[in-house]
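What follows is the content of coords.txt (compact mmCIF, C-alpha atoms).
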# COMPACT_ATOMS: atom_id res chain seq x y z
CA MET A 1 6.17 28.68 -26.83
CA VAL A 2 3.94 25.63 -27.29
CA GLU A 3 5.36 24.06 -24.10
CA ALA A 4 4.78 27.30 -22.17
CA GLN A 5 1.20 27.47 -23.38
CA GLY A 6 0.64 23.86 -22.37
CA TRP A 7 2.09 24.53 -18.92
CA ALA A 8 -0.13 27.59 -18.46
CA ALA A 9 -3.23 25.71 -19.59
CA GLU A 10 -2.54 22.82 -17.21
CA LEU A 11 -1.99 25.19 -14.30
CA GLU A 12 -5.26 26.98 -15.08
CA SER A 13 -7.05 23.61 -15.04
CA VAL A 14 -5.53 22.90 -11.63
CA PHE A 15 -6.70 26.30 -10.34
CA ALA A 16 -10.20 25.63 -11.65
CA ARG A 17 -10.24 22.20 -10.03
CA VAL A 18 -9.55 23.52 -6.52
CA ALA A 19 -11.11 27.01 -6.69
CA GLY A 20 -14.31 25.85 -5.00
CA ARG A 21 -12.37 25.12 -1.79
CA PHE A 22 -11.84 28.88 -1.36
CA SER A 23 -15.17 30.62 -0.82
CA ARG A 24 -13.99 34.20 -1.35
CA ALA A 25 -12.47 35.65 -4.51
CA ASP A 26 -9.56 37.22 -2.63
CA LEU A 27 -8.63 33.84 -1.17
CA ARG A 28 -8.73 32.23 -4.60
CA TRP A 29 -6.40 34.88 -6.05
CA ARG A 30 -4.10 34.59 -3.06
CA MET A 31 -3.98 30.81 -3.49
CA ARG A 32 -3.14 31.25 -7.18
CA ASP A 33 -0.32 33.67 -6.36
CA TYR A 34 1.06 31.37 -3.69
CA LEU A 35 0.98 28.35 -5.98
CA ARG A 36 2.63 30.27 -8.82
CA GLY A 37 5.36 31.37 -6.41
CA LEU A 38 5.98 27.78 -5.29
CA LEU A 39 6.49 26.82 -8.96
CA ALA A 40 8.62 29.86 -9.78
CA PRO A 41 12.43 30.09 -9.76
CA VAL A 42 12.44 31.85 -6.38
CA ALA A 43 15.65 31.35 -4.40
CA ARG A 44 13.97 30.78 -1.05
CA LYS A 45 10.24 30.14 -1.03
CA ASN A 46 9.38 31.82 2.25
CA GLY A 47 6.67 34.42 2.87
CA TRP A 48 8.68 37.52 1.98
CA GLN A 49 10.22 36.17 -1.23
CA LEU A 50 6.94 34.66 -2.44
CA ALA A 51 5.20 37.97 -1.72
CA GLU A 52 7.88 39.88 -3.63
CA TYR A 53 7.53 37.53 -6.60
CA ALA A 54 3.74 37.97 -6.56
CA GLY A 55 4.03 41.77 -6.40
CA HIS A 56 2.68 42.06 -2.85
CA ARG A 57 4.15 44.74 -0.57
CA THR A 58 4.17 42.45 2.49
CA PRO A 59 3.65 38.73 3.15
CA ASP A 60 0.60 39.44 5.34
CA GLY A 61 -1.85 38.08 2.78
CA PHE A 62 0.03 34.80 2.46
CA GLN A 63 0.30 34.52 6.23
CA ARG A 64 -3.46 34.89 6.53
CA LEU A 65 -3.94 32.27 3.80
CA LEU A 66 -1.88 29.78 5.80
CA ASN A 67 -2.88 30.63 9.35
CA SER A 68 -6.23 32.34 9.83
CA SER A 69 -8.44 32.37 6.72
CA VAL A 70 -11.32 29.91 6.47
CA TRP A 71 -10.87 27.00 4.04
CA ASP A 72 -10.79 23.20 4.30
CA VAL A 73 -7.25 21.91 3.85
CA ASP A 74 -8.36 18.26 3.95
CA ALA A 75 -10.78 18.88 1.07
CA LEU A 76 -7.84 20.33 -0.88
CA ARG A 77 -5.83 17.21 -0.02
CA ASP A 78 -8.62 15.11 -1.52
CA ASP A 79 -8.47 17.23 -4.68
CA VAL A 80 -4.72 16.62 -4.94
CA ARG A 81 -5.20 12.87 -4.57
CA ASP A 82 -8.00 12.74 -7.16
CA TYR A 83 -6.01 14.86 -9.62
CA VAL A 84 -2.99 12.57 -9.28
CA ALA A 85 -5.18 9.49 -9.76
CA ASP A 86 -6.71 10.99 -12.93
CA LYS A 87 -3.30 11.92 -14.36
CA LEU A 88 -1.32 8.81 -13.44
CA GLY A 89 -4.01 6.20 -14.01
CA PRO A 90 -4.89 2.89 -12.33
CA GLY A 91 -2.84 -0.07 -11.17
CA GLY A 92 -0.12 1.89 -9.41
CA VAL A 93 1.78 1.57 -6.14
CA LEU A 94 0.93 3.50 -2.96
CA ILE A 95 4.17 4.26 -1.13
CA ILE A 96 4.52 5.18 2.55
CA ASP A 97 7.52 6.98 4.04
CA ASP A 98 8.41 9.91 6.28
CA THR A 99 10.72 12.87 5.89
CA GLY A 100 12.12 15.48 8.25
CA PHE A 101 11.96 19.26 8.24
CA ILE A 102 14.91 20.73 10.13
CA LYS A 103 13.76 23.59 12.36
CA LYS A 104 15.12 25.89 15.05
CA GLY A 105 13.41 26.58 18.34
CA SER A 106 10.73 24.68 20.20
CA THR A 107 7.42 26.31 19.25
CA SER A 108 6.71 24.86 15.78
CA ALA A 109 4.02 22.17 16.04
CA GLY A 110 5.57 18.74 16.59
CA VAL A 111 9.17 19.95 16.60
CA GLY A 112 11.66 18.10 18.77
CA ARG A 113 14.92 16.19 18.95
CA GLN A 114 14.25 13.09 16.85
CA TYR A 115 15.93 11.01 14.18
CA THR A 116 15.39 12.03 10.58
CA GLY A 117 16.79 10.57 7.41
CA THR A 118 16.95 14.12 6.03
CA SER A 119 20.12 14.76 8.02
CA GLY A 120 20.88 11.13 8.89
CA LYS A 121 20.98 11.85 12.62
CA ILE A 122 18.96 13.01 15.62
CA ASP A 123 18.11 16.62 14.92
CA ASN A 124 15.69 19.34 15.95
CA CYS A 125 12.97 18.82 13.38
CA GLN A 126 9.37 18.11 12.47
CA ILE A 127 8.50 14.75 10.92
CA GLY A 128 5.86 14.36 8.23
CA VAL A 129 4.50 10.95 7.22
CA PHE A 130 3.54 10.89 3.55
CA ALA A 131 1.88 8.73 0.94
CA ALA A 132 2.86 8.88 -2.73
CA TYR A 133 1.25 7.25 -5.75
CA ALA A 134 3.39 5.95 -8.62
CA THR A 135 2.63 4.41 -12.02
CA GLU A 136 4.52 4.15 -15.29
CA LEU A 137 3.38 7.72 -16.03
CA GLY A 138 4.97 9.30 -12.97
CA ARG A 139 4.72 9.79 -9.24
CA ALA A 140 3.35 12.41 -6.81
CA LEU A 141 2.50 12.89 -3.14
CA VAL A 142 -1.16 12.27 -2.29
CA ASP A 143 -1.47 12.44 1.50
CA ARG A 144 0.35 13.73 4.59
CA GLU A 145 0.21 13.74 8.37
CA LEU A 146 2.32 15.59 10.93
CA TYR A 147 3.84 13.29 13.54
CA LEU A 148 3.42 14.62 17.09
CA PRO A 149 5.79 13.13 19.71
CA LYS A 150 4.48 12.33 23.18
CA SER A 151 6.34 15.37 24.48
CA TRP A 152 3.73 17.35 22.56
CA THR A 153 0.53 15.36 23.00
CA GLY A 154 1.23 15.04 26.72
CA ASP A 155 1.38 18.83 27.09
CA ARG A 156 -2.02 20.24 26.14
CA GLU A 157 -1.00 23.81 26.98
CA ARG A 158 1.86 23.57 24.49
CA CYS A 159 -0.52 22.04 21.94
CA GLY A 160 -2.97 24.88 22.47
CA ALA A 161 -0.30 27.48 21.79
CA ALA A 162 0.49 25.79 18.46
CA LYS A 163 -3.26 25.49 17.65
CA ILE A 164 -3.19 21.69 17.71
CA PRO A 165 -6.79 20.46 18.03
CA ASP A 166 -7.80 19.00 21.38
CA GLU A 167 -8.91 15.77 19.69
CA ARG A 168 -5.46 15.17 18.21
CA GLU A 169 -3.83 12.57 20.44
CA PHE A 170 -0.60 10.65 20.18
CA ALA A 171 -0.35 8.33 17.16
CA THR A 172 2.68 6.36 16.05
CA LYS A 173 4.00 6.82 12.55
CA GLY A 174 2.63 3.37 11.75
CA GLU A 175 -0.84 4.41 12.92
CA LEU A 176 -0.66 7.54 10.78
CA ALA A 177 0.37 5.36 7.83
CA LYS A 178 -2.56 3.00 8.37
CA ALA A 179 -4.98 5.93 8.48
CA MET A 180 -3.62 7.34 5.21
CA VAL A 181 -3.70 3.99 3.38
CA THR A 182 -7.27 3.38 4.53
CA ARG A 183 -8.30 6.89 3.49
CA CYS A 184 -6.68 6.70 0.05
CA LEU A 185 -8.15 3.31 -0.83
CA ALA A 186 -11.60 4.17 0.57
CA ALA A 187 -11.61 7.30 -1.61
CA GLY A 188 -10.99 5.20 -4.72
CA LEU A 189 -7.29 5.74 -5.38
CA PRO A 190 -6.72 2.94 -7.95
CA ALA A 191 -3.64 1.43 -6.30
CA SER A 192 -2.96 -2.29 -6.75
CA TRP A 193 0.02 -2.37 -4.39
CA VAL A 194 1.44 -0.80 -1.25
CA THR A 195 5.13 -0.61 -0.40
CA ALA A 196 7.07 0.86 2.52
CA ASP A 197 10.43 0.66 4.24
CA GLU A 198 11.17 -1.54 7.24
CA ALA A 199 9.98 1.03 9.78
CA TYR A 200 6.46 0.29 8.55
CA GLY A 201 6.91 -3.17 7.03
CA GLN A 202 7.94 -4.78 10.30
CA GLU A 203 4.56 -3.95 11.88
CA TRP A 204 2.27 -6.97 11.68
CA LYS A 205 -0.84 -4.81 12.16
CA PHE A 206 0.14 -2.68 9.17
CA ARG A 207 0.59 -5.76 6.95
CA ARG A 208 -2.63 -7.33 8.19
CA LEU A 209 -4.58 -4.13 7.46
CA LEU A 210 -3.39 -4.26 3.84
CA GLU A 211 -4.50 -7.88 3.58
CA GLU A 212 -7.92 -7.00 4.95
CA LEU A 213 -8.18 -4.17 2.42
CA GLY A 214 -7.41 -6.65 -0.37
CA VAL A 215 -4.34 -4.84 -1.68
CA GLY A 216 -1.01 -6.49 -2.45
CA TYR A 217 2.14 -5.37 -0.70
CA VAL A 218 5.92 -5.68 -0.82
CA VAL A 219 7.37 -4.17 2.36
CA ALA A 220 10.93 -4.11 3.63
CA VAL A 221 11.67 -5.77 6.98
CA PRO A 222 14.82 -5.84 9.14
CA LYS A 223 17.19 -8.79 8.94
CA SER A 224 16.10 -9.81 12.45
CA GLN A 225 12.45 -10.22 11.36
CA GLN A 226 10.99 -13.53 12.56
CA VAL A 227 9.33 -15.99 10.18
CA LYS A 228 7.29 -18.44 12.24
CA SER A 229 5.48 -21.71 11.59
CA LEU A 230 4.74 -25.05 13.24
CA ALA A 231 7.89 -26.41 11.60
CA GLY A 232 9.97 -23.87 13.48
CA PHE A 233 10.91 -20.25 13.30
CA TRP A 234 13.82 -18.41 11.76
CA ARG A 235 15.23 -14.96 11.49
CA ILE A 236 14.63 -13.95 7.91
CA ASP A 237 18.36 -13.51 7.24
CA GLU A 238 19.03 -17.05 8.53
CA LEU A 239 16.23 -18.41 6.37
CA ILE A 240 17.60 -16.70 3.27
CA THR A 241 21.12 -17.95 4.06
CA GLY A 242 19.74 -21.48 3.71
CA ALA A 243 18.36 -20.82 0.23
CA PRO A 244 19.85 -23.00 -2.54
CA GLU A 245 21.89 -21.05 -5.06
CA ASP A 246 19.39 -21.76 -7.82
CA ALA A 247 16.71 -20.05 -5.73
CA TRP A 248 18.39 -16.78 -6.76
CA GLN A 249 17.54 -15.15 -10.07
CA ARG A 250 18.77 -11.94 -11.67
CA LEU A 251 16.05 -9.37 -12.20
CA SER A 252 15.64 -5.63 -12.68
CA CYS A 253 13.50 -3.75 -10.15
CA GLY A 254 13.07 -0.81 -12.52
CA ASP A 255 15.13 1.80 -14.30
CA GLY A 256 17.35 4.22 -12.44
CA ALA A 257 19.43 7.19 -13.56
CA LYS A 258 22.01 4.81 -15.02
CA GLY A 259 19.64 2.28 -16.56
CA PRO A 260 18.06 -0.91 -15.19
CA ARG A 261 18.63 -1.56 -11.47
CA VAL A 262 19.61 -5.23 -11.52
CA TYR A 263 19.98 -7.43 -8.43
CA ASP A 264 19.86 -11.10 -7.52
CA TRP A 265 16.52 -12.00 -5.95
CA ALA A 266 15.51 -15.02 -3.90
CA SER A 267 11.90 -15.71 -3.04
CA ALA A 268 9.86 -18.38 -1.34
CA ARG A 269 6.13 -18.73 -0.88
CA LEU A 270 4.89 -19.14 2.69
CA PRO A 271 2.11 -21.55 3.66
CA SER A 272 -1.42 -20.22 3.58
CA ILE A 273 -3.15 -19.34 6.83
CA GLY A 274 -6.51 -21.05 6.72
CA PHE A 275 -8.09 -18.79 9.33
CA PHE A 276 -7.34 -15.73 7.18
CA ASP A 277 -7.19 -17.14 3.65
CA GLY A 278 -9.94 -19.77 3.48
CA ASP A 279 -9.78 -23.00 1.49
CA GLU A 280 -9.02 -21.34 -1.86
CA PRO A 281 -6.65 -18.41 -1.27
CA THR A 282 -6.64 -15.56 -3.79
CA HIS A 283 -3.25 -14.32 -2.53
CA HIS A 284 0.01 -15.87 -1.37
CA ARG A 285 2.52 -14.58 1.16
CA TRP A 286 6.21 -14.53 0.30
CA VAL A 287 9.62 -13.90 1.78
CA LEU A 288 11.87 -12.03 -0.60
CA ALA A 289 15.53 -11.04 -0.58
CA ARG A 290 17.52 -8.67 -2.80
CA ARG A 291 21.29 -9.17 -3.12
CA SER A 292 23.73 -6.66 -4.59
CA LEU A 293 25.71 -7.91 -7.59
CA THR A 294 28.89 -6.04 -6.67
CA ARG A 295 28.58 -6.37 -2.87
CA PRO A 296 26.86 -9.72 -2.31
CA GLN A 297 27.04 -9.31 1.47
CA GLU A 298 24.50 -6.49 1.14
CA ILE A 299 21.07 -8.12 1.28
CA ALA A 300 17.68 -6.45 1.80
CA TYR A 301 14.68 -8.42 3.04
CA TYR A 302 10.95 -8.19 2.34
CA PHE A 303 7.57 -9.68 3.11
CA ALA A 304 5.08 -9.77 0.25
CA TYR A 305 1.39 -10.49 -0.22
CA ALA A 306 0.38 -10.95 -3.82
CA PRO A 307 -2.28 -12.44 -6.09
CA VAL A 308 -1.71 -16.13 -6.79
CA THR A 309 -0.85 -15.33 -10.42
CA CYS A 310 1.87 -12.82 -9.50
CA THR A 311 5.44 -13.38 -10.72
CA ILE A 312 8.66 -12.77 -8.83
CA ALA A 313 9.60 -10.16 -11.43
CA GLU A 314 6.47 -8.23 -10.50
CA LEU A 315 7.32 -8.40 -6.79
CA ALA A 316 10.81 -7.09 -7.56
CA ARG A 317 9.31 -4.24 -9.58
CA VAL A 318 7.01 -3.22 -6.73
CA ALA A 319 9.90 -3.35 -4.25
CA GLY A 320 11.91 -1.08 -6.55
CA THR A 321 9.05 1.43 -6.78
CA ARG A 322 9.58 2.46 -3.16
CA TRP A 323 12.33 4.86 -4.21
CA ALA A 324 9.77 6.93 -6.12
CA ILE A 325 8.71 8.64 -2.89
CA GLU A 326 12.31 9.75 -2.28
CA GLU A 327 12.21 11.34 -5.74
CA CYS A 328 8.95 13.04 -4.74
CA PHE A 329 10.51 14.45 -1.58
CA GLN A 330 13.54 15.72 -3.46
CA ALA A 331 11.52 17.33 -6.25
CA ALA A 332 8.88 18.81 -3.92
CA LYS A 333 11.56 20.31 -1.67
CA ASN A 334 13.86 21.55 -4.41
CA GLU A 335 11.24 22.75 -6.90
CA CYS A 336 8.09 23.48 -4.88
CA GLY A 337 9.31 24.68 -1.49
CA LEU A 338 7.90 21.77 0.49
CA ASP A 339 10.40 22.39 3.30
CA GLN A 340 10.83 26.16 2.99
CA TYR A 341 7.92 27.29 5.14
CA GLU A 342 8.11 29.59 8.16
CA VAL A 343 4.77 28.74 9.77
CA ARG A 344 4.74 27.45 13.33
CA ARG A 345 1.10 26.54 13.90
CA TYR A 346 -0.42 23.15 13.21
CA VAL A 347 -2.92 24.39 10.59
CA GLY A 348 -0.22 26.43 8.85
CA TRP A 349 1.95 23.31 8.42
CA TYR A 350 -0.89 21.36 6.83
CA ARG A 351 -1.86 24.23 4.53
CA HIS A 352 1.64 24.95 3.24
CA ILE A 353 2.45 21.25 2.81
CA THR A 354 -0.80 20.59 0.93
CA LEU A 355 -0.33 23.57 -1.38
CA ALA A 356 3.24 22.44 -2.08
CA MET A 357 1.88 18.94 -2.83
CA LEU A 358 -0.58 20.54 -5.28
CA ALA A 359 2.26 22.42 -6.97
CA HIS A 360 4.30 19.22 -7.27
CA ALA A 361 1.25 17.30 -8.52
CA SER A 362 0.77 19.84 -11.32
CA LEU A 363 4.34 19.18 -12.47
CA ALA A 364 3.70 15.44 -12.29
CA GLY A 365 0.52 15.92 -14.32
CA LEU A 366 2.39 17.78 -17.05
CA ALA A 367 5.09 15.10 -17.16
CA ALA A 368 2.46 12.33 -17.27
CA ASP A 369 0.74 13.96 -20.24
CA GLU A 370 4.05 14.07 -22.11
CA THR A 371 4.84 10.45 -21.20
CA ALA A 372 1.42 9.27 -22.33
CA LYS A 373 1.74 11.25 -25.56
CA GLY A 374 5.14 9.72 -26.28
CA ALA A 375 3.86 6.22 -25.58
CA ALA A 376 0.94 6.73 -27.94
CA GLU A 377 3.35 7.68 -30.72
CA THR A 378 5.57 4.63 -30.23
CA THR A 379 4.90 1.13 -31.61
CA PRO A 380 5.70 -1.40 -28.82
CA THR A 381 7.82 -4.37 -29.63
CA ALA A 382 17.08 -30.01 -5.09
CA ALA A 383 17.10 -29.10 -1.37
CA SER A 384 17.91 -31.25 1.64
CA SER A 385 14.94 -32.92 3.38
CA LEU A 386 15.93 -31.00 6.52
CA SER A 387 15.68 -27.65 4.75
CA PRO A 388 12.43 -25.67 4.78
CA TRP A 389 13.14 -24.69 1.16
CA GLN A 390 11.22 -26.93 -1.26
CA ARG A 391 10.72 -26.57 -5.00
CA SER A 392 7.22 -26.97 -6.41
CA ASP A 393 5.54 -25.80 -9.61
CA GLY A 394 8.67 -24.04 -10.80
CA SER A 395 9.11 -21.86 -7.68
CA TRP A 396 10.42 -22.20 -4.16
CA SER A 397 8.28 -22.40 -1.06
CA ILE A 398 8.83 -22.71 2.67
CA SER A 399 7.57 -26.17 3.54
CA CYS A 400 5.84 -26.66 6.86
CA PRO A 401 2.51 -28.04 8.12
CA THR A 402 -0.47 -25.72 8.40
CA THR A 403 -2.58 -27.74 10.82
CA GLU A 404 -2.13 -29.24 14.26
CA PRO A 405 -1.96 -33.07 14.42
CA THR A 406 -5.54 -32.93 15.69
CA GLY A 407 -6.62 -31.16 12.51
CA HIS A 408 -7.27 -27.81 14.21
CA LEU A 409 -6.35 -24.71 12.29
CA HIS A 410 -3.14 -23.07 13.46
CA GLU A 411 -2.19 -19.49 12.66
CA ILE A 412 1.18 -19.09 10.99
CA THR A 413 2.51 -15.58 11.35
CA HIS A 414 5.36 -13.71 9.81
Would it be possible to restate this file's structure as structure tokens?
Amino acid sequence: MVEAQGWAAELESVFARVAGRFSRADLRWRMRDYLRGLLAPVARKNGWQLAEYAGHRTPDGFQRLLNSSVWDVDALRDDVRDYVADKLGPGGVLIIDDTGFIKKGSTSAGVGRQYTGTSGKIDNCQIGVFAAYATELGRALVDRELYLPKSWTGDRERCGAAKIPDEREFATKGELAKAMVTRCLAAGLPASWVTADEAYGQEWKFRRLLEELGVGYVVAVPKSQQVKSLAGFWRIDELITGAPEDAWQRLSCGDGAKGPRVYDWASARLPSIGFFDGDEPTHHRWVLARRSLTRPQEIAYYFAYAPVTCTIAELARVAGTRWAIEECFQAAKNECGLDQYEVRRYVGWYRHITLAMLAHASLAGLAADETAKGAAETTPTAASSLSPWQRSDGSWSISCPTTEPTGHLHEITH
């Protein structure tokens, strides 16, 4: 009974937080009913079943809420982000990833034959690019954008039928990710790190944006990723192959369902880039590799940008945090109907997705309160001269010159 009362009180606080985004009383009540339905044990969270759960005779009211009524879905998105930041606290990791929504037909905004990890193949689907925020207290989705293939943005008549705004032009998933990261950090989301998979991590412009924003990152890159300098250039997998055995250390990247997730990690600091970093850098760049203990041929690769005081254990922890967004997708789809919508128009997608994010955030807020309460009640207790790998100050670095023989600055990219 106490838990039920706490849940009800938290949900009422969420309703009060966002009520001002809905100017009319009927819209506010409809929003409350919709959100309650998304959190309820409804078998399929589509319009008819949500309406039946709410006691409505038809789903018309919910359809108007999603498609034609007047309210600002981006303002609601901002409320979700701010609520998550308040509940989960500062110093967390902002995670970027995309997920697919399998659909039939060709009229839903952005739908098309494209690869999605949801089914692990090319499928008829919509793709949403998302940002999640994770700390020790929990994780939740905080931003979203619908990816529109060129087959859509190049056909303005088709866009018009799906109510896609005229100003919405083609943007890659990486460009959508950059816009979301910039928006979240500009709004004050207290993230100290950003992480993403190799689809985003391999983009130099994405990494450079994070450096300009002054936020650390640990991003996955493909094994073919180039690491370049005046001393030469290597594929990252070839560079890691040349690492001495004592460059590897066994570390946990966080707890999983079966306890600590332990791997062997190798890391090396890259030379500073004077043009970007100045004479006294506040951050270093790193190459990082994670090797499976049971299948040592399985190696994942990363680029990192971190404060000069950062440890390798911290980089491994941030890399491991990336899986939190997969947990968000699973929970939001299974428990909050993130993927169970029947809307076809552009605005309807954004409204359902944002309301489902709000429902999931309320669950994350409840869990964070319990985690914080529990924590408060607990009392805490040598390489070859031809190799680019060189040991210094207790860690490994990639050794190569940073200036031309003439003394001119030279940009080293990775």
> Within 9 Å of Tyr53 in chain A, counting all atoms listed in the file, which residues qualify if same-chain residues fewer than 2 places away don't, as a list in words?
Replying inline: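 Listed by chain and then number, they are Asp33, Gly37, Ala40, Val42, Trp48, Gln49, Leu50, Ala51, Gly55 and His56 of chain A.
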> Taking all atoms listed in the file into account, which of A:Thr135, A:Asn67, A:Ser252, A:Ser13 comes nearest Gly320 in chain A?
Replying inline: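 Distance minimum relative to Gly320 in chain A lands on A:Ser252.
A distance cut-off of 12 Å around (10.4, -5.4, 15.9), counting only C-alpha atoms, selects these protein and nucleic acid residues: Glu198, Ala199, Tyr200, Gly201, Gln202, Glu203, Trp204, Lys205, Val221, Pro222, Lys223, Ser224, Gln225, Gln226, Arg235 and His414 of chain A.
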> So, counting all atoms listed in the file, which residue among A:Leu366, A:Leu176, A:Ala134, A:Cys336 is closest to Arg36 in chain A?
Replying inline: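 Of A:Leu366, A:Leu176, A:Ala134, A:Cys336, the one nearest Arg36 in chain A is A:Cys336, counting all atoms listed in the file.
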> Quick one, how far is CA of Arg183 in chain A from CA of Ala109 in chain A?
Replying inline: 23.3 Å
>> Neighbouring residues of Lys150 in chain A were defined as those with any atom within 9 Å, considering only C-alpha atoms; residues of the same chain fewer than 3 positions away were excluded. Please report them as an MDAnalysis selection string.
In response: chainID A and resid 153:155 169:171
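Note that CA of Thr282 in chain A and CA of Ala300 in chain A are 26.6 Å apart.
CA of Trp193 in chain A is found 26.9 Å from CA of Val14 in chain A.
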> Which one is closest to Leu11 in chain A: A:Lys163, A:His360, A:Lys373, A:Arg81? Count all atoms listed in the file.
Replying inline: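 Ranked by minimum distance to Leu11 in chain A, first place goes to A:His360.
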Using all atoms listed in the file, what does the table of range 31-62 of chain A residues within 12 Å of range 321-334 of chain A look like, with each row giving the shortest atom pair and its distance in Å to one decimal, sorted by chain and ascending number, as a tab-separated table?
residue	atom	partner	partner_atom	distance
A:Leu38	CA	A:Ala332	CA	9.5
A:Leu39	CA	A:Ala332	CA	9.8
A:Ala40	CA	A:Asn334	CA	11.2
A:Pro41	CA	A:Asn334	CA	10.2
A:Val42	CA	A:Asn334	CA	10.6
A:Ala43	CA	A:Asn334	CA	10.0
A:Arg44	CA	A:Asn334	CA	9.8
A:Lys45	CA	A:Asn334	CA	9.9
